[in-house]
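*Asks:* Sharing start26.cif, mmCIF, C-alpha atoms:
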data_model
#
loop_
_atom_site.label_atom_id
_atom_site.label_comp_id
_atom_site.auth_asym_id
_atom_site.auth_seq_id
_atom_site.Cartn_x
_atom_site.Cartn_y
_atom_site.Cartn_z
CA MET A 1 95.64 98.77 85.93
CA GLN A 2 97.37 97.07 83.00
CA THR A 3 100.66 98.10 81.38
CA ASN A 4 101.95 96.62 78.13
CA ASN A 5 105.11 97.95 76.51
CA TRP A 6 108.37 96.93 74.85
CA GLU A 7 109.73 95.68 78.17
CA LYS A 8 106.95 93.94 80.01
CA ASN A 9 103.28 93.09 80.46
CA ARG A 10 102.09 94.16 83.87
CA LEU A 11 98.84 93.73 85.76
CA HIS A 12 98.45 95.82 88.90
CA TYR A 13 95.48 95.72 91.26
CA HIS A 14 95.61 98.05 94.21
CA TYR A 15 93.42 99.30 97.00
CA THR A 16 93.72 102.88 98.19
CA HIS A 17 93.50 102.52 101.95
CA ASP A 18 93.71 106.25 102.53
CA VAL A 19 95.13 109.22 100.66
CA LYS A 20 98.62 108.42 101.94
CA ASN A 21 98.76 104.67 101.35
CA SER A 22 97.78 102.14 98.74
CA PHE A 23 98.37 98.40 98.83
CA GLY A 24 98.19 95.95 95.98
CA MET A 25 99.44 93.07 93.92
CA VAL A 26 101.65 93.25 90.82
CA LEU A 27 102.00 90.47 88.24
CA GLU A 28 104.67 91.04 85.59
CA HIS A 29 106.09 89.16 82.64
CA GLU A 30 109.20 90.52 80.95
CA ASP A 31 109.28 89.49 77.31
CA ASN A 32 113.01 89.67 76.60
CA THR A 33 114.20 87.73 79.64
CA ASP A 34 111.10 85.59 80.20
CA ARG A 35 111.17 86.67 83.82
CA LYS A 36 108.01 86.76 85.93
CA ASN A 37 107.50 88.83 89.07
CA VAL A 38 104.75 88.34 91.64
CA ASN A 39 104.94 91.17 94.13
CA GLY A 40 103.03 92.78 96.93
CA GLN A 41 103.07 96.57 96.61
CA TRP A 42 102.90 99.49 98.99
CA ASN A 43 102.91 103.06 97.73
CA HIS A 44 103.15 105.92 100.18
CA LEU A 45 102.35 109.56 99.48
CA PHE A 46 105.26 111.23 101.25
CA ALA A 47 104.36 114.83 100.47
CA ARG A 48 101.73 116.78 98.55
CA SER A 49 101.44 120.44 97.69
CA ASN A 50 98.09 121.87 96.60
CA THR A 51 97.48 125.28 95.07
CA VAL A 52 94.38 126.60 93.35
CA THR A 53 95.87 125.78 89.94
CA SER A 54 98.29 122.92 90.57
CA GLN A 55 99.15 119.82 92.54
CA ALA A 56 102.56 118.29 93.26
CA ASN A 57 103.22 114.89 94.80
CA LEU A 58 106.16 112.89 96.07
CA TYR A 59 105.72 109.14 96.47
CA LEU A 60 107.77 106.34 97.97
CA LYS A 61 107.11 103.05 96.21
CA SER A 62 108.01 99.54 97.27
CA GLN A 63 107.41 95.99 96.15
CA LEU A 64 108.37 92.70 97.73
CA GLY A 65 107.72 89.30 96.24
CA ILE A 66 109.06 86.50 94.10
CA ALA A 67 110.91 86.57 90.79
CA ILE A 68 110.71 83.50 88.58
CA LYS A 69 113.05 82.80 85.67
CA GLY A 70 113.03 79.34 84.16
CA GLU A 71 113.48 76.91 87.04
CA ARG A 72 114.82 79.56 89.37
CA TYR A 73 112.84 81.30 92.09
CA ALA A 74 114.20 84.22 94.09
CA SER A 75 113.04 86.82 96.52
CA ASN A 76 112.44 90.07 94.68
CA ALA A 77 112.52 93.65 95.96
CA GLU A 78 111.85 96.98 94.26
CA PHE A 79 112.10 100.43 95.79
CA GLY A 80 111.54 103.75 94.13
CA VAL A 81 110.70 107.41 94.42
CA ALA A 82 108.32 109.21 92.13
CA GLY A 83 107.20 112.79 91.85
CA ASP A 84 104.77 114.68 89.69
CA TRP A 85 103.48 118.19 89.14
CA GLU A 86 100.40 119.02 87.14
CA THR A 87 98.00 121.73 86.25
CA ARG A 88 94.96 121.35 84.03
CA LYS A 89 97.16 122.14 81.03
CA PHE A 90 100.62 120.79 81.84
CA PHE A 91 101.98 117.60 83.38
CA THR A 92 105.42 116.41 84.36
CA SER A 93 106.61 113.41 86.35
CA TYR A 94 109.79 111.59 87.30
CA ALA A 95 110.33 108.12 88.75
CA ALA A 96 113.48 106.28 89.76
CA THR A 97 113.38 102.59 90.64
CA GLY A 98 115.96 100.11 91.84
CA ARG A 99 115.39 96.38 92.11
CA TYR A 100 117.15 93.24 93.18
CA ALA A 101 116.28 89.56 92.87
CA ASN A 102 118.84 87.35 94.57
CA GLY A 103 120.27 84.85 92.06
CA ILE A 104 118.33 86.23 89.10
CA ASP A 105 119.80 89.69 88.75
CA ASN A 106 122.56 91.61 90.47
CA GLY A 107 120.45 94.67 90.96
CA SER A 108 119.38 97.23 88.43
CA PHE A 109 118.21 100.80 88.23
CA HIS A 110 115.96 102.65 85.83
CA GLN A 111 114.42 106.07 85.66
CA LYS A 112 111.57 107.60 83.73
CA VAL A 113 110.48 111.14 83.03
CA ARG A 114 107.28 112.33 81.40
CA VAL A 115 106.07 115.68 80.15
CA GLY A 116 102.59 116.34 78.83
CA ILE A 117 100.27 119.01 77.55
CA ALA A 118 96.51 119.03 77.20
CA PRO A 119 95.58 120.42 73.76
CA TYR A 120 92.31 121.65 75.27
CA VAL A 121 91.10 121.98 78.85
CA ALA A 122 88.09 119.75 79.42
CA GLY A 123 85.59 120.14 82.23
CA TYR A 124 84.65 117.62 84.88
CA GLY A 125 83.12 114.50 83.34
CA GLU A 126 84.11 115.46 79.82
CA PHE A 127 86.49 113.61 77.50
CA HIS A 128 90.10 114.49 78.35
CA SER A 129 93.10 114.19 76.03
CA TRP A 130 96.80 114.60 76.78
CA LEU A 131 99.82 114.49 74.49
CA MET A 132 102.84 113.12 76.34
CA LEU A 133 106.48 112.31 75.82
CA GLN A 134 108.06 109.61 77.96
CA LEU A 135 111.82 109.12 78.27
CA GLU A 136 113.16 105.99 79.96
CA HIS A 137 116.75 105.29 80.97
CA HIS A 138 117.85 101.71 81.62
CA PRO A 139 121.62 102.01 82.09
CA GLU A 140 122.16 98.28 82.77
CA SER A 141 120.30 97.03 79.72
CA PHE A 142 122.33 94.63 77.53
CA ASN A 143 120.63 95.96 74.43
CA ASP A 144 121.88 99.40 73.41
CA ASP A 145 118.51 100.18 71.84
CA GLU A 146 116.89 99.79 75.23
CA LYS A 147 119.24 101.95 77.28
CA VAL A 148 117.29 105.05 76.33
CA VAL A 149 113.73 104.70 75.12
CA LEU A 150 111.61 107.59 73.93
CA THR A 151 107.86 107.09 73.66
CA PRO A 152 105.40 109.67 72.39
CA LEU A 153 101.95 108.75 73.66
CA VAL A 154 98.42 109.96 73.99
CA ARG A 155 96.48 109.71 77.23
CA LEU A 156 92.69 109.65 76.99
CA PHE A 157 90.23 109.44 79.83
CA LYS A 158 86.64 109.95 80.74
CA GLY A 159 85.01 109.19 84.05
CA ASP A 160 86.65 106.23 85.75
CA TYR A 161 88.45 104.92 82.68
CA LEU A 162 91.86 105.93 81.33
CA VAL A 163 93.87 104.60 78.40
CA GLU A 164 97.36 105.46 77.09
CA LEU A 165 98.56 104.56 73.59
CA GLY A 166 102.05 105.10 72.24
CA ILE A 167 104.88 103.85 70.05
CA ASN A 168 108.52 104.15 71.09
CA ASN A 169 111.56 105.09 68.98
CA SER A 170 112.16 101.40 68.14
CA GLY A 171 108.59 100.84 67.04
CA GLY A 172 107.55 99.10 70.25
CA PRO A 173 103.94 99.66 71.24
CA LEU A 174 102.67 100.99 74.57
CA LEU A 175 99.18 100.27 75.88
CA ASN A 176 98.22 101.16 79.45
CA TRP A 177 94.75 101.28 80.90
CA ILE A 178 93.32 102.06 84.30
CA ALA A 179 89.82 101.43 85.61
CA ARG A 180 88.77 102.85 88.96
CA PHE A 181 86.21 101.09 91.12
CA MET B 1 89.87 133.23 93.68
CA VAL B 2 86.82 134.12 91.61
CA SER B 3 83.52 133.99 93.43
CA VAL B 4 80.85 132.11 91.52
CA SER B 5 77.13 132.75 91.58
CA LEU B 6 75.29 129.49 91.66
CA PRO B 7 72.26 128.89 89.44
CA ASN B 8 68.99 130.23 90.87
CA VAL B 9 67.68 126.82 91.71
CA TRP B 10 70.65 126.41 94.03
CA SER B 11 70.71 129.83 95.62
CA ASN B 12 67.10 130.99 95.95
CA SER B 13 66.15 131.16 99.63
CA ALA B 14 62.72 129.55 99.13
CA GLU B 15 64.32 126.72 97.20
CA THR B 16 66.98 126.47 99.88
CA SER B 17 64.41 125.82 102.60
CA LYS B 18 62.63 123.30 100.38
CA TYR B 19 65.59 121.41 98.97
CA GLY B 20 68.29 122.13 101.50
CA GLU B 21 71.21 124.46 101.94
CA THR B 22 73.84 124.88 99.24
CA ILE B 23 77.46 124.88 100.34
CA THR B 24 80.23 126.05 98.05
CA VAL B 25 83.69 124.76 98.86
CA HIS B 26 86.72 126.34 97.23
CA VAL B 27 89.27 123.54 96.90
CA LYS B 28 93.01 123.70 96.28
CA GLY B 29 94.78 121.01 94.24
CA MET B 30 91.72 119.89 92.30
CA VAL B 31 93.28 119.91 88.83
CA CYS B 32 92.66 116.35 87.66
CA ASP B 33 89.25 115.01 86.65
CA PHE B 34 90.37 111.40 87.07
CA CYS B 35 91.54 112.10 90.64
CA ALA B 36 88.50 114.17 91.65
CA ARG B 37 86.27 111.14 91.07
CA GLY B 38 87.12 109.99 94.59
CA LEU B 39 85.91 113.28 96.01
CA GLU B 40 82.55 112.91 94.30
CA LYS B 41 82.17 109.35 95.54
CA VAL B 42 82.97 110.26 99.15
CA PHE B 43 80.46 113.12 99.25
CA LYS B 44 77.77 111.09 97.52
CA SER B 45 78.06 108.47 100.24
CA GLU B 46 77.69 111.12 102.98
CA LYS B 47 74.19 110.91 104.48
CA ALA B 48 73.72 114.68 104.77
CA VAL B 49 74.46 115.29 101.07
CA SER B 50 71.75 115.13 98.42
CA LYS B 51 73.78 116.39 95.46
CA ILE B 52 77.34 117.35 94.58
CA VAL B 53 78.68 119.22 91.55
CA VAL B 54 82.42 119.41 90.84
CA ASP B 55 83.63 122.43 88.84
CA LEU B 56 87.28 122.12 87.82
CA ASP B 57 87.24 125.48 86.02
CA GLU B 58 86.52 127.38 89.22
CA SER B 59 88.07 124.82 91.61
CA ILE B 60 84.84 124.55 93.55
CA VAL B 61 82.68 121.76 94.87
CA SER B 62 79.00 122.67 95.28
CA ILE B 63 77.16 120.57 97.82
CA ARG B 64 73.44 120.48 98.38
CA LYS B 65 72.68 119.46 101.95
CA LYS B 66 69.54 117.56 102.87
CA PRO B 67 67.16 119.91 104.75
CA ASP B 68 66.89 117.70 107.83
CA LYS B 69 70.58 116.87 108.14
CA ILE B 70 73.64 118.59 109.56
CA LEU B 71 76.86 119.01 107.59
CA THR B 72 79.44 121.04 109.46
CA ASP B 73 82.39 122.88 107.97
CA THR B 74 84.63 120.61 110.03
CA ARG B 75 83.13 117.52 108.41
CA ILE B 76 83.46 119.04 104.92
CA LYS B 77 87.13 119.87 105.54
CA GLU B 78 87.68 116.36 106.87
CA LEU B 79 86.26 114.79 103.70
CA ILE B 80 88.23 117.10 101.40
CA LEU B 81 91.49 116.47 103.28
CA LYS B 82 90.77 112.74 103.28
CA ASN B 83 90.91 112.93 99.48
CA GLY B 84 94.21 114.76 99.49
CA TYR B 85 92.95 118.26 98.69
CA SER B 86 93.01 121.47 100.71
CA VAL B 87 90.10 123.75 101.53
CA GLU B 88 90.51 127.42 100.76
CA LYS B 89 87.12 128.59 101.98
CA ILE B 90 83.56 127.44 102.51
CA ARG B 91 80.51 129.55 101.70
CA ARG B 92 76.93 128.69 102.60
CA SER B 93 73.87 129.98 100.78
CA GLY B 94 72.30 132.77 102.80
CA ALA B 95 75.20 132.83 105.23
CA LYS B 96 76.60 136.25 106.18
CA SER B 97 80.01 134.90 106.98
CA GLU B 98 82.32 132.41 105.37
CA SER B 99 84.79 129.95 106.77
CA LYS B 100 88.37 130.31 105.57
CA THR B 101 91.24 127.91 106.01
#
In structure tokens, how does this file's structure come out?
*Replies:*
Amino acid sequence: MQTNNWEKNRLHYHYTHDVKNSFGMVLEHEDNTDRKNVNGQWNHLFARSNTVTSQANLYLKSQLGIAIKGERYASNAEFGVAGDWETRKFFTSYAATGRYANGIDNGSFHQKVRVGIAPYVAGYGEFHSWLMLQLEHHPESFNDDEKVVLTPLVRLFKGDYLVELGINNSGGPLLNWIARF
Amino acid sequence: MVSVSLPNVWSNSAETSKYGETITVHVKGMVCDFCARGLEKVFKSEKAVSKIVVDLDESIVSIRKKPDKILTDTRIKELILKNGYSVEKIRRSGAKSESKT
């Protein structure tokens, strides 16, 4: 999984051990601060609700590793909760994350919400399209333009491949892709 | 839940004995194509399964069982649950009864 946006470039490889747990590695480079993070990741599915027409999930997310900024190295920790609800037509999600790297930052918090709609309902194996709106809140950001970031995006997927393309309210691009093996 | 009639090739009794039993599983939570890929992979790797068809519109997974193999409802539920979904009911071609969860 690769994420590229106004804030960072992120490469995430993870292995789904079972439906409740996935483990992986995260490599990040934050453009504005020139900070790098190398983290181990554990995501845990805390709760799931299935109905015939919908699915809802609640995840606990954690990362532990090293943050690197210039000559400085520090232990790095991230913890978050994330939830989503989706049908074949509608999607919504929320994530809140806090992080701390001793000596590099004093701790920070950010949250993200997404809503989406599928303009048409595609069948299994067909080409799927979603129109989404992503709102991010970074209250501790030094740049006022980055405290609240709104990104309209399109999500496209077929088979084991998914791509998201968007441009935020400051003109910053978003490119995410996921390949499943 | 809408009951679906499978194509003749899957439900004809003569074809059933030749190609194996067809099992229709009504699944809850199967709303995402990208996520249901795992379900297809798990069933394809099951030795008793010769074919699987996922139908998101009807929320069903149709499984063709190999004639000489056993695939119990318990095993099917185990595989569905392992992928994070719930089983509503299981119907077998030619079966008079159905298993509900």
*Asks:* Dump as a ChimeraX atom specification the residues of chain A that approach chain B to within 6 Å, counting all atoms listed in the file.
*Replies:* /A:19,50-52,54-55,87-88,124
*Asks:* Identify all residues satisfying the PyMOL selection byres ((chain A and resi 36-38) around 6) in the given file; provide them as a list in words.
*Replies:*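 When the PyMOL selection byres ((chain A and resi 36-38) around 6) is applied to the shown file, the picked residues are Val26, Leu27, Glu28, His29, Arg35, Asn39, Gly65, Ile66, Ala67 and Ile68 of chain A.
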*Asks:* Write out as a list in words the residues lying within 7 Å of Asp160 (chain A), counting only C-alpha atoms and excluding same-chain residues fewer than 2 positions away.
*Replies:* Lys158, Leu162, Ala179 and Arg180 of chain A; Phe34 of chain B
*Asks:* Take CA of Phe23 (chain A) and CA of Glu78 (chain A) and report the distance between them in Å, one decimal.
*Replies:*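 Pair CA of Phe23 (chain A) / CA of Glu78 (chain A) returns 14.3 Å.
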*Asks:* Quick one: pull the distance between CA of Glu140 (chain A) and CA of Ser108 (chain A), Å, one decimal.
*Replies:*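 Atom-to-atom, CA of Glu140 (chain A) and CA of Ser108 (chain A) are spaced 6.4 Å apart.
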*Asks:* Report as an MDAnalysis selection string the full result of the PyMOL selection byres ((chain B and resi 68-72) around 9) when it is applied to this structure.
*Replies:* chainID B and resid 20 47:49 65:67 73:77
*Asks:* Please list as a PyMOL selection string every residue within 10 Å of Trp42 (chain A), counting all atoms listed in the file and excluding residues in the same chain fewer than 4 positions away.
*Replies:* chain A and resi 14-16+21-25+60-64+79
